[in-house]
Amino acid sequence: MNTRGSFIHDLEAQRTCGHLTGGMELICAYAGARSYLLARTDLYSDRNHDFIVTSNWPFNLVRRFGASLVDCEARTSEVRRCLQAFEPMFQEIDAPDDLSSDYAPRMCLIPYNAGQARMLLALLFDKDISLSHDRLRDVALAVAYYTSQYPEIVSTNNALSDLTVREVECLSWIGEGKTSDEIALIIGISRNTVNNYITSIMNKTGAKTRSEAVALAVRQRII
């Protein structure tokens, strides 16, 4: 395995070249892993997005475990997410029959944040490999740094960033369960103006309901 110094040097070279896959392969090799899956967990419930960023997992495993892993992490509470960030965890897997028997029957999961994006790195290993917790912690920090260098991966919803101050204010009150009439009274504008703001929010976010718009804003930490 590479030393920490050579790993950092090689990873920086990949970042300079802008090769996401090359960097992920370096991170995977440094961990002693056989393959990796990288996903954004805060985009899972928005089916218009491809929440798996990149992976060289066997296809059968991606199909079987990809969505469920991301779904489980997306449902994790904020407190637990903060406590588990950058901390490697292990989960047993029931591999498909046609998967090579050389794979270990468990995966390593590393949740982390890159900017405002919530990410999950899932690693698969060979059987009987000896794992280093310190090295896995290095991997957690390295993947967080590396992926944060790619705005296309960690950027928030552009539609949400286009919301005006008034629209965000209305959305916040909707999240508190207020009606249009109540919001109009609180903000000091007409009910029709509130509804116009809400219509604009729906158009910008593509949300079909007020609840969906609020959920998008909460996931992206707009409100």
# chains A, B, ... in the order shown; residues from 1 in each chain; ligands from 1
call {"tool": "residues_around", "arguments": {"residues": "region 139-149 of chain A", "least_positions_apart": "3", "cutoff": "8 Å", "atoms": "only C-alpha atoms", "output": "ChimeraX atom specification"}}
result
/A:11,15,20,23-24,27,30-31,86-88,110,112-115,135-136,153-154
call {"tool": "write_last_selection", "arguments": {"atoms": "all heavy atoms", "output": "compact mmCIF listing (two decimals), in the first residue's frame"}}
result
# COMPACT_ATOMS: atom_id res chain seq x y z
N LEU A 11 -2.97 12.12 -4.83
CA LEU A 11 -4.35 12.61 -4.82
C LEU A 11 -4.41 14.06 -5.26
O LEU A 11 -5.31 14.47 -6.01
CB LEU A 11 -4.95 12.45 -3.42
CG LEU A 11 -6.46 12.68 -3.31
CD1 LEU A 11 -7.23 11.65 -4.13
CD2 LEU A 11 -6.92 12.62 -1.85
N ARG A 15 -6.42 15.76 -8.39
CA ARG A 15 -7.31 16.93 -8.24
C ARG A 15 -6.93 18.02 -9.22
O ARG A 15 -7.79 18.64 -9.85
CB ARG A 15 -7.23 17.46 -6.81
CG ARG A 15 -8.22 18.61 -6.54
CD ARG A 15 -7.83 19.39 -5.33
NE ARG A 15 -6.56 20.08 -5.52
CZ ARG A 15 -6.44 21.23 -6.19
NH1 ARG A 15 -7.48 21.79 -6.77
NH2 ARG A 15 -5.25 21.79 -6.32
N LEU A 20 -12.00 12.95 -11.41
CA LEU A 20 -12.73 12.43 -10.26
C LEU A 20 -12.50 10.94 -10.09
O LEU A 20 -12.18 10.47 -8.99
CB LEU A 20 -14.23 12.71 -10.41
CG LEU A 20 -15.14 12.07 -9.36
CD1 LEU A 20 -14.84 12.63 -7.97
CD2 LEU A 20 -16.60 12.27 -9.71
N GLY A 23 -9.03 9.98 -8.80
CA GLY A 23 -8.87 10.24 -7.38
C GLY A 23 -9.59 9.21 -6.53
O GLY A 23 -9.08 8.76 -5.49
N MET A 24 -10.79 8.82 -6.96
CA MET A 24 -11.55 7.83 -6.20
C MET A 24 -10.85 6.47 -6.22
O MET A 24 -10.87 5.74 -5.22
CB MET A 24 -12.97 7.71 -6.77
CG MET A 24 -13.85 8.93 -6.54
SD MET A 24 -13.96 9.43 -4.80
CE MET A 24 -14.57 7.93 -4.05
N ILE A 27 -8.12 6.68 -3.65
CA ILE A 27 -8.69 6.60 -2.31
C ILE A 27 -9.07 5.15 -1.99
O ILE A 27 -8.81 4.65 -0.89
CB ILE A 27 -9.92 7.53 -2.19
CG1 ILE A 27 -9.45 8.99 -2.22
CG2 ILE A 27 -10.72 7.24 -0.94
CD1 ILE A 27 -10.57 10.00 -2.38
N TYR A 30 -5.89 3.15 -1.40
CA TYR A 30 -5.26 3.50 -0.12
C TYR A 30 -5.98 2.83 1.04
O TYR A 30 -5.36 2.43 2.03
CB TYR A 30 -5.26 5.02 0.05
CG TYR A 30 -4.55 5.49 1.31
CD1 TYR A 30 -3.16 5.47 1.40
CD2 TYR A 30 -5.28 5.95 2.41
CE1 TYR A 30 -2.51 5.90 2.55
CE2 TYR A 30 -4.64 6.37 3.57
CZ TYR A 30 -3.25 6.34 3.63
OH TYR A 30 -2.62 6.75 4.77
N ALA A 31 -7.29 2.69 0.93
CA ALA A 31 -8.07 2.02 1.97
C ALA A 31 -7.86 0.51 1.96
O ALA A 31 -8.23 -0.18 2.92
CB ALA A 31 -9.56 2.32 1.78
N PHE A 86 -17.60 10.96 9.23
CA PHE A 86 -16.20 10.56 9.04
C PHE A 86 -15.84 9.29 9.81
O PHE A 86 -14.68 8.89 9.83
CB PHE A 86 -15.24 11.69 9.45
CG PHE A 86 -15.44 12.96 8.70
CD1 PHE A 86 -16.05 14.04 9.30
CD2 PHE A 86 -15.03 13.08 7.39
CE1 PHE A 86 -16.24 15.22 8.62
CE2 PHE A 86 -15.22 14.25 6.69
CZ PHE A 86 -15.83 15.32 7.31
N GLU A 87 -16.83 8.66 10.46
CA GLU A 87 -16.54 7.46 11.24
C GLU A 87 -16.90 6.21 10.44
O GLU A 87 -18.06 5.99 10.12
CB GLU A 87 -17.34 7.48 12.54
CG GLU A 87 -16.98 6.35 13.50
CD GLU A 87 -15.54 6.42 13.97
OE1 GLU A 87 -15.00 7.54 14.09
OE2 GLU A 87 -14.96 5.35 14.22
N PRO A 88 -15.90 5.38 10.08
CA PRO A 88 -16.18 4.17 9.32
C PRO A 88 -17.09 3.21 10.09
O PRO A 88 -16.90 2.99 11.28
CB PRO A 88 -14.79 3.55 9.10
CG PRO A 88 -13.83 4.69 9.30
CD PRO A 88 -14.47 5.57 10.33
N ILE A 110 -18.82 5.10 5.01
CA ILE A 110 -18.25 6.31 5.58
C ILE A 110 -19.13 7.49 5.18
O ILE A 110 -19.08 7.97 4.05
CB ILE A 110 -16.81 6.55 5.08
CG1 ILE A 110 -15.92 5.35 5.43
CG2 ILE A 110 -16.24 7.84 5.68
CD1 ILE A 110 -14.50 5.47 4.90
N TYR A 112 -20.21 11.46 5.28
CA TYR A 112 -19.50 12.72 5.50
C TYR A 112 -20.23 13.85 4.78
O TYR A 112 -21.13 13.61 3.96
CB TYR A 112 -18.05 12.63 5.02
CG TYR A 112 -17.89 12.52 3.51
CD1 TYR A 112 -17.67 13.66 2.74
CD2 TYR A 112 -17.97 11.29 2.86
CE1 TYR A 112 -17.53 13.57 1.36
CE2 TYR A 112 -17.82 11.20 1.49
CZ TYR A 112 -17.60 12.34 0.75
OH TYR A 112 -17.47 12.25 -0.62
N ASN A 113 -19.85 15.07 5.10
CA ASN A 113 -20.38 16.25 4.41
C ASN A 113 -19.28 16.86 3.56
O ASN A 113 -18.12 16.94 3.98
CB ASN A 113 -20.87 17.30 5.42
CG ASN A 113 -22.16 16.88 6.10
OD1 ASN A 113 -22.80 15.91 5.70
ND2 ASN A 113 -22.55 17.61 7.12
N ALA A 114 -19.66 17.30 2.37
CA ALA A 114 -18.75 18.05 1.50
C ALA A 114 -19.47 19.34 1.15
O ALA A 114 -20.38 19.34 0.32
CB ALA A 114 -18.42 17.25 0.24
N GLY A 115 -19.09 20.44 1.80
CA GLY A 115 -19.88 21.66 1.68
C GLY A 115 -21.24 21.40 2.31
O GLY A 115 -21.32 20.92 3.44
N ARG A 135 -6.23 4.22 8.89
CA ARG A 135 -6.20 4.44 7.44
C ARG A 135 -7.59 4.76 6.90
O ARG A 135 -7.74 5.62 6.02
CB ARG A 135 -5.62 3.21 6.74
CG ARG A 135 -5.37 3.42 5.24
CD ARG A 135 -4.48 2.33 4.69
NE ARG A 135 -3.09 2.54 5.02
CZ ARG A 135 -2.12 2.71 4.11
NH1 ARG A 135 -2.40 2.72 2.83
NH2 ARG A 135 -0.88 2.88 4.49
N LEU A 136 -8.60 4.12 7.44
CA LEU A 136 -9.97 4.41 7.01
C LEU A 136 -10.37 5.83 7.42
O LEU A 136 -11.11 6.50 6.70
CB LEU A 136 -10.94 3.38 7.60
CG LEU A 136 -10.85 1.97 7.00
CD1 LEU A 136 -11.77 1.03 7.75
CD2 LEU A 136 -11.19 1.98 5.51
N ILE A 153 -20.58 18.28 -8.09
CA ILE A 153 -20.99 17.18 -7.23
C ILE A 153 -21.67 17.69 -5.97
O ILE A 153 -22.68 17.15 -5.52
CB ILE A 153 -19.77 16.31 -6.84
CG1 ILE A 153 -19.20 15.62 -8.07
CG2 ILE A 153 -20.14 15.29 -5.77
CD1 ILE A 153 -17.93 14.85 -7.79
N VAL A 154 -21.11 18.74 -5.38
CA VAL A 154 -21.55 19.17 -4.04
C VAL A 154 -22.40 20.43 -4.05
O VAL A 154 -22.79 20.91 -2.99
CB VAL A 154 -20.33 19.39 -3.13
CG1 VAL A 154 -19.53 18.11 -3.00
CG2 VAL A 154 -19.44 20.52 -3.65
call {"tool": "residues_around", "arguments": {"residues": "Ala13 (chain A)", "least_positions_apart": "5", "cutoff": "12 Å", "atoms": "only C-alpha atoms", "output": "ChimeraX atom specification"}}
result
/A:6-8,18-20,22-23,26,146
call {"tool": "atom_distance", "arguments": {"atom1": "CA of Arg34 (chain A)", "atom2": "CA of Leu123 (chain A)"}}
result
7.4 Å
call {"tool": "closest_residue", "arguments": {"among": "A:Ser55, A:Thr41, A:Pro111, A:Leu120", "to": "Gln84 (chain A)", "atoms": "only C-alpha atoms"}}
result
A:Pro111
call {"tool": "select_by_dssp", "arguments": {"residues": "region 10-188 of chain A", "states": "helix (DSSP H, G or I)", "output": "JSON, numbers by chain"}}
result
{"A": [10, 11, 12, 13, 14, 15, 16, 17, 20, 21, 22, 23, 24, 25, 26, 27, 28, 29, 30, 31, 41, 42, 43, 59, 60, 61, 62, 63, 64, 65, 66, 67, 68, 69, 70, 71, 72, 73, 74, 78, 79, 80, 81, 82, 83, 84, 133, 134, 135, 136, 137, 138, 139, 140, 141, 142, 143, 144, 145, 146, 147, 148, 151, 152, 153, 154, 158, 159, 160, 161, 165, 166, 167, 168, 169, 170, 171, 172, 173, 174, 175, 180, 181, 182, 183, 184, 185, 186, 187]}
call {"tool": "atom_distance", "arguments": {"atom1": "CA of Arg75 (chain A)", "atom2": "CA of Leu109 (chain A)"}}
result
15.0 Å
call {"tool": "select_by_dssp", "arguments": {"residues": "region 79-204 of chain A", "states": "strand (DSSP E)", "output": "mmCIF file with all heavy atoms, in the first residue's frame"}}
result
data_model
loop_
_atom_site.group_PDB
_atom_site.id
_atom_site.type_symbol
_atom_site.label_atom_id
_atom_site.label_comp_id
_atom_site.auth_asym_id
_atom_site.auth_seq_id
_atom_site.Cartn_x
_atom_site.Cartn_y
_atom_site.Cartn_z
ATOM 1 N N MET A 89 -18.093 2.668 9.407
ATOM 2 C CA MET A 89 -19.008 1.686 9.986
ATOM 3 C C MET A 89 -19.046 0.481 9.051
ATOM 4 O O MET A 89 -18.771 0.609 7.856
ATOM 5 C CB MET A 89 -20.409 2.275 10.143
ATOM 6 C CG MET A 89 -20.473 3.540 10.995
ATOM 7 S SD MET A 89 -22.133 4.273 10.992
ATOM 8 C CE MET A 89 -22.256 4.814 9.276
ATOM 9 N N PHE A 90 -19.411 -0.673 9.585
ATOM 10 C CA PHE A 90 -19.447 -1.886 8.768
ATOM 11 C C PHE A 90 -20.840 -2.500 8.771
ATOM 12 O O PHE A 90 -21.541 -2.464 9.778
ATOM 13 C CB PHE A 90 -18.421 -2.900 9.276
ATOM 14 C CG PHE A 90 -16.998 -2.480 9.014
ATOM 15 C CD1 PHE A 90 -16.311 -1.724 9.941
ATOM 16 C CD2 PHE A 90 -16.375 -2.826 7.829
ATOM 17 C CE1 PHE A 90 -15.004 -1.318 9.699
ATOM 18 C CE2 PHE A 90 -15.079 -2.425 7.570
ATOM 19 C CZ PHE A 90 -14.390 -1.675 8.517
ATOM 20 N N GLN A 91 -21.215 -3.031 7.621
ATOM 21 C CA GLN A 91 -22.524 -3.653 7.469
ATOM 22 C C GLN A 91 -22.374 -4.954 6.701
ATOM 23 O O GLN A 91 -21.712 -5.012 5.654
ATOM 24 C CB GLN A 91 -23.466 -2.712 6.715
ATOM 25 C CG GLN A 91 -24.848 -3.288 6.452
ATOM 26 C CD GLN A 91 -25.766 -2.268 5.789
ATOM 27 O OE1 GLN A 91 -25.820 -1.114 6.190
ATOM 28 N NE2 GLN A 91 -26.488 -2.699 4.770
ATOM 29 N N GLU A 92 -22.963 -5.997 7.238
ATOM 30 C CA GLU A 92 -22.932 -7.300 6.563
ATOM 31 C C GLU A 92 -23.777 -7.240 5.296
ATOM 32 O O GLU A 92 -24.780 -6.531 5.224
ATOM 33 C CB GLU A 92 -23.472 -8.389 7.487
ATOM 34 C CG GLU A 92 -22.690 -8.560 8.779
ATOM 35 C CD GLU A 92 -21.267 -9.010 8.536
ATOM 36 O OE1 GLU A 92 -21.064 -9.891 7.679
ATOM 37 O OE2 GLU A 92 -20.349 -8.479 9.199
ATOM 38 N N TYR A 103 -14.945 -11.588 -2.529
ATOM 39 C CA TYR A 103 -15.381 -10.418 -1.775
ATOM 40 C C TYR A 103 -15.686 -10.795 -0.326
ATOM 41 O O TYR A 103 -16.274 -11.843 -0.056
ATOM 42 C CB TYR A 103 -16.630 -9.808 -2.393
ATOM 43 C CG TYR A 103 -16.369 -8.904 -3.575
ATOM 44 C CD1 TYR A 103 -16.412 -9.394 -4.875
ATOM 45 C CD2 TYR A 103 -16.089 -7.552 -3.396
ATOM 46 C CE1 TYR A 103 -16.174 -8.570 -5.962
ATOM 47 C CE2 TYR A 103 -15.854 -6.717 -4.468
ATOM 48 C CZ TYR A 103 -15.896 -7.232 -5.752
ATOM 49 O OH TYR A 103 -15.668 -6.422 -6.827
ATOM 50 N N ALA A 104 -15.314 -9.911 0.596
ATOM 51 C CA ALA A 104 -15.687 -10.076 1.990
ATOM 52 C C ALA A 104 -17.191 -9.843 2.132
ATOM 53 O O ALA A 104 -17.756 -9.009 1.421
ATOM 54 C CB ALA A 104 -14.923 -9.083 2.866
ATOM 55 N N PRO A 105 -17.865 -10.543 3.029
ATOM 56 C CA PRO A 105 -19.332 -10.436 3.159
ATOM 57 C C PRO A 105 -19.774 -9.226 3.972
ATOM 58 O O PRO A 105 -20.752 -9.294 4.707
ATOM 59 C CB PRO A 105 -19.691 -11.743 3.867
ATOM 60 C CG PRO A 105 -18.508 -12.031 4.721
ATOM 61 C CD PRO A 105 -17.309 -11.573 3.916
ATOM 62 N N ARG A 106 -19.061 -8.134 3.884
ATOM 63 C CA ARG A 106 -19.466 -6.901 4.558
ATOM 64 C C ARG A 106 -18.879 -5.723 3.805
ATOM 65 O O ARG A 106 -17.924 -5.855 3.039
ATOM 66 C CB ARG A 106 -19.000 -6.877 6.013
ATOM 67 C CG ARG A 106 -17.493 -6.878 6.201
ATOM 68 C CD ARG A 106 -17.143 -6.737 7.663
ATOM 69 N NE ARG A 106 -15.702 -6.682 7.852
ATOM 70 C CZ ARG A 106 -15.120 -6.290 8.972
ATOM 71 N NH1 ARG A 106 -15.865 -5.909 9.997
ATOM 72 N NH2 ARG A 106 -13.807 -6.266 9.087
ATOM 73 N N MET A 107 -19.485 -4.568 4.015
ATOM 74 C CA MET A 107 -19.007 -3.337 3.380
ATOM 75 C C MET A 107 -18.689 -2.309 4.456
ATOM 76 O O MET A 107 -19.206 -2.376 5.576
ATOM 77 C CB MET A 107 -20.064 -2.784 2.414
ATOM 78 C CG MET A 107 -21.340 -2.318 3.075
ATOM 79 S SD MET A 107 -22.579 -1.776 1.883
ATOM 80 C CE MET A 107 -23.192 -3.347 1.270
ATOM 81 N N CYS A 108 -17.829 -1.373 4.092
ATOM 82 C CA CYS A 108 -17.494 -0.265 4.986
ATOM 83 C C CYS A 108 -18.220 0.984 4.502
ATOM 84 O O CYS A 108 -18.127 1.347 3.319
ATOM 85 C CB CYS A 108 -15.985 -0.026 4.986
ATOM 86 S SG CYS A 108 -15.460 1.390 5.993
ATOM 87 N N LEU A 109 -18.951 1.638 5.389
ATOM 88 C CA LEU A 109 -19.715 2.840 5.063
ATOM 89 C C LEU A 109 -19.093 4.034 5.766
ATOM 90 O O LEU A 109 -18.875 3.996 6.981
ATOM 91 C CB LEU A 109 -21.177 2.690 5.487
ATOM 92 C CG LEU A 109 -21.912 1.462 4.951
ATOM 93 C CD1 LEU A 109 -23.321 1.402 5.529
ATOM 94 C CD2 LEU A 109 -21.960 1.483 3.432
ATOM 95 N N ILE A 110 -18.822 5.099 5.009
ATOM 96 C CA ILE A 110 -18.246 6.310 5.579
ATOM 97 C C ILE A 110 -19.134 7.494 5.183
ATOM 98 O O ILE A 110 -19.076 7.971 4.047
ATOM 99 C CB ILE A 110 -16.812 6.550 5.083
ATOM 100 C CG1 ILE A 110 -15.920 5.353 5.430
ATOM 101 C CG2 ILE A 110 -16.238 7.836 5.682
ATOM 102 C CD1 ILE A 110 -14.497 5.469 4.901
ATOM 103 N N PRO A 111 -19.985 7.980 6.085
ATOM 104 C CA PRO A 111 -20.806 9.171 5.794
ATOM 105 C C PRO A 111 -19.994 10.434 6.082
ATOM 106 O O PRO A 111 -19.197 10.475 7.022
ATOM 107 C CB PRO A 111 -21.974 9.027 6.774
ATOM 108 C CG PRO A 111 -21.403 8.274 7.937
ATOM 109 C CD PRO A 111 -20.306 7.394 7.395
ATOM 110 N N TYR A 112 -20.207 11.465 5.275
ATOM 111 C CA TYR A 112 -19.504 12.723 5.497
ATOM 112 C C TYR A 112 -20.228 13.852 4.780
ATOM 113 O O TYR A 112 -21.128 13.614 3.961
ATOM 114 C CB TYR A 112 -18.054 12.627 5.017
ATOM 115 C CG TYR A 112 -17.891 12.524 3.511
ATOM 116 C CD1 TYR A 112 -17.668 13.655 2.736
ATOM 117 C CD2 TYR A 112 -17.966 11.289 2.865
ATOM 118 C CE1 TYR A 112 -17.526 13.567 1.362
ATOM 119 C CE2 TYR A 112 -17.823 11.195 1.493
ATOM 120 C CZ TYR A 112 -17.603 12.340 0.746
ATOM 121 O OH TYR A 112 -17.474 12.249 -0.622
ATOM 122 N N ASN A 113 -19.852 15.067 5.098
ATOM 123 C CA ASN A 113 -20.377 16.245 4.413
ATOM 124 C C ASN A 113 -19.283 16.863 3.558
ATOM 125 O O ASN A 113 -18.121 16.936 3.975
ATOM 126 C CB ASN A 113 -20.870 17.296 5.417
ATOM 127 C CG ASN A 113 -22.165 16.878 6.100
ATOM 128 O OD1 ASN A 113 -22.798 15.908 5.704
ATOM 129 N ND2 ASN A 113 -22.549 17.609 7.117
ATOM 130 N N ALA A 114 -19.657 17.303 2.371
ATOM 131 C CA ALA A 114 -18.754 18.051 1.496
ATOM 132 C C ALA A 114 -19.472 19.338 1.146
ATOM 133 O O ALA A 114 -20.378 19.340 0.316
ATOM 134 C CB ALA A 114 -18.416 17.254 0.242
ATOM 135 N N ALA A 117 -23.395 19.362 0.844
ATOM 136 C CA ALA A 117 -23.843 18.062 0.339
ATOM 137 C C ALA A 117 -23.575 16.971 1.363
ATOM 138 O O ALA A 117 -22.528 16.951 2.006
ATOM 139 C CB ALA A 117 -23.118 17.737 -0.965
ATOM 140 N N ARG A 118 -24.542 16.075 1.512
ATOM 141 C CA ARG A 118 -24.377 14.923 2.383
ATOM 142 C C ARG A 118 -23.992 13.726 1.523
ATOM 143 O O ARG A 118 -24.729 13.352 0.610
ATOM 144 C CB ARG A 118 -25.664 14.652 3.152
ATOM 145 C CG ARG A 118 -26.038 15.771 4.105
ATOM 146 C CD ARG A 118 -27.419 15.571 4.668
ATOM 147 N NE ARG A 118 -27.811 16.677 5.533
ATOM 148 C CZ ARG A 118 -29.043 16.890 5.957
ATOM 149 N NH1 ARG A 118 -30.007 16.077 5.579
ATOM 150 N NH2 ARG A 118 -29.317 17.908 6.745
ATOM 151 N N MET A 119 -22.860 13.141 1.841
ATOM 152 C CA MET A 119 -22.281 12.123 0.987
ATOM 153 C C MET A 119 -22.117 10.806 1.740
ATOM 154 O O MET A 119 -22.087 10.767 2.979
ATOM 155 C CB MET A 119 -20.908 12.580 0.479
ATOM 156 C CG MET A 119 -20.857 13.969 -0.124
ATOM 157 S SD MET A 119 -21.742 14.116 -1.705
ATOM 158 C CE MET A 119 -20.730 13.078 -2.767
ATOM 159 N N LEU A 120 -21.992 9.725 0.970
ATOM 160 C CA LEU A 120 -21.738 8.405 1.540
ATOM 161 C C LEU A 120 -20.753 7.669 0.641
ATOM 162 O O LEU A 120 -20.968 7.558 -0.564
ATOM 163 C CB LEU A 120 -23.035 7.600 1.637
ATOM 164 C CG LEU A 120 -22.887 6.183 2.212
ATOM 165 C CD1 LEU A 120 -22.517 6.237 3.686
ATOM 166 C CD2 LEU A 120 -24.175 5.382 2.016
ATOM 167 N N LEU A 121 -19.667 7.198 1.249
ATOM 168 C CA LEU A 121 -18.703 6.350 0.549
ATOM 169 C C LEU A 121 -18.870 4.930 1.074
ATOM 170 O O LEU A 121 -18.828 4.701 2.285
ATOM 171 C CB LEU A 121 -17.277 6.839 0.799
ATOM 172 C CG LEU A 121 -16.154 5.964 0.216
ATOM 173 C CD1 LEU A 121 -16.223 5.945 -1.311
ATOM 174 C CD2 LEU A 121 -14.795 6.454 0.697
ATOM 175 N N ALA A 122 -19.086 3.978 0.171
ATOM 176 C CA ALA A 122 -19.246 2.573 0.537
ATOM 177 C C ALA A 122 -18.144 1.759 -0.139
ATOM 178 O O ALA A 122 -17.992 1.818 -1.358
ATOM 179 C CB ALA A 122 -20.621 2.059 0.120
ATOM 180 N N LEU A 123 -17.377 1.033 0.656
ATOM 181 C CA LEU A 123 -16.221 0.286 0.161
ATOM 182 C C LEU A 123 -16.439 -1.207 0.323
ATOM 183 O O LEU A 123 -16.987 -1.673 1.332
ATOM 184 C CB LEU A 123 -14.966 0.693 0.929
ATOM 185 C CG LEU A 123 -14.557 2.165 0.850
ATOM 186 C CD1 LEU A 123 -13.420 2.446 1.838
ATOM 187 C CD2 LEU A 123 -14.158 2.540 -0.561
ATOM 188 N N LEU A 124 -15.990 -1.967 -0.668
ATOM 189 C CA LEU A 124 -15.992 -3.430 -0.614
ATOM 190 C C LEU A 124 -14.547 -3.918 -0.567
ATOM 191 O O LEU A 124 -13.666 -3.328 -1.206
ATOM 192 C CB LEU A 124 -16.688 -4.020 -1.841
ATOM 193 C CG LEU A 124 -18.166 -3.674 -2.025
ATOM 194 C CD1 LEU A 124 -18.669 -4.247 -3.348
ATOM 195 C CD2 LEU A 124 -19.004 -4.204 -0.871
ATOM 196 N N PHE A 125 -14.314 -5.005 0.149
ATOM 197 C CA PHE A 125 -12.959 -5.498 0.357
ATOM 198 C C PHE A 125 -12.837 -6.957 -0.056
ATOM 199 O O PHE A 125 -13.838 -7.682 -0.175
ATOM 200 C CB PHE A 125 -12.576 -5.375 1.836
ATOM 201 C CG PHE A 125 -12.511 -3.956 2.334
ATOM 202 C CD1 PHE A 125 -13.648 -3.338 2.818
ATOM 203 C CD2 PHE A 125 -11.327 -3.250 2.294
ATOM 204 C CE1 PHE A 125 -13.603 -2.029 3.271
ATOM 205 C CE2 PHE A 125 -11.277 -1.944 2.749
ATOM 206 C CZ PHE A 125 -12.411 -1.327 3.228
ATOM 207 N N ASP A 126 -11.589 -7.390 -0.248
ATOM 208 C CA ASP A 126 -11.312 -8.806 -0.435
ATOM 209 C C ASP A 126 -11.497 -9.536 0.887
ATOM 210 O O ASP A 126 -11.430 -8.932 1.973
ATOM 211 C CB ASP A 126 -9.872 -9.014 -0.917
ATOM 212 C CG ASP A 126 -9.683 -8.584 -2.357
ATOM 213 O OD1 ASP A 126 -10.608 -8.785 -3.163
ATOM 214 O OD2 ASP A 126 -8.612 -8.036 -2.680
#
call {"tool": "atom_distance", "arguments": {"atom1": "CA of Ala215 (chain A)", "atom2": "CA of Leu37 (chain A)"}}
result
25.7 Å
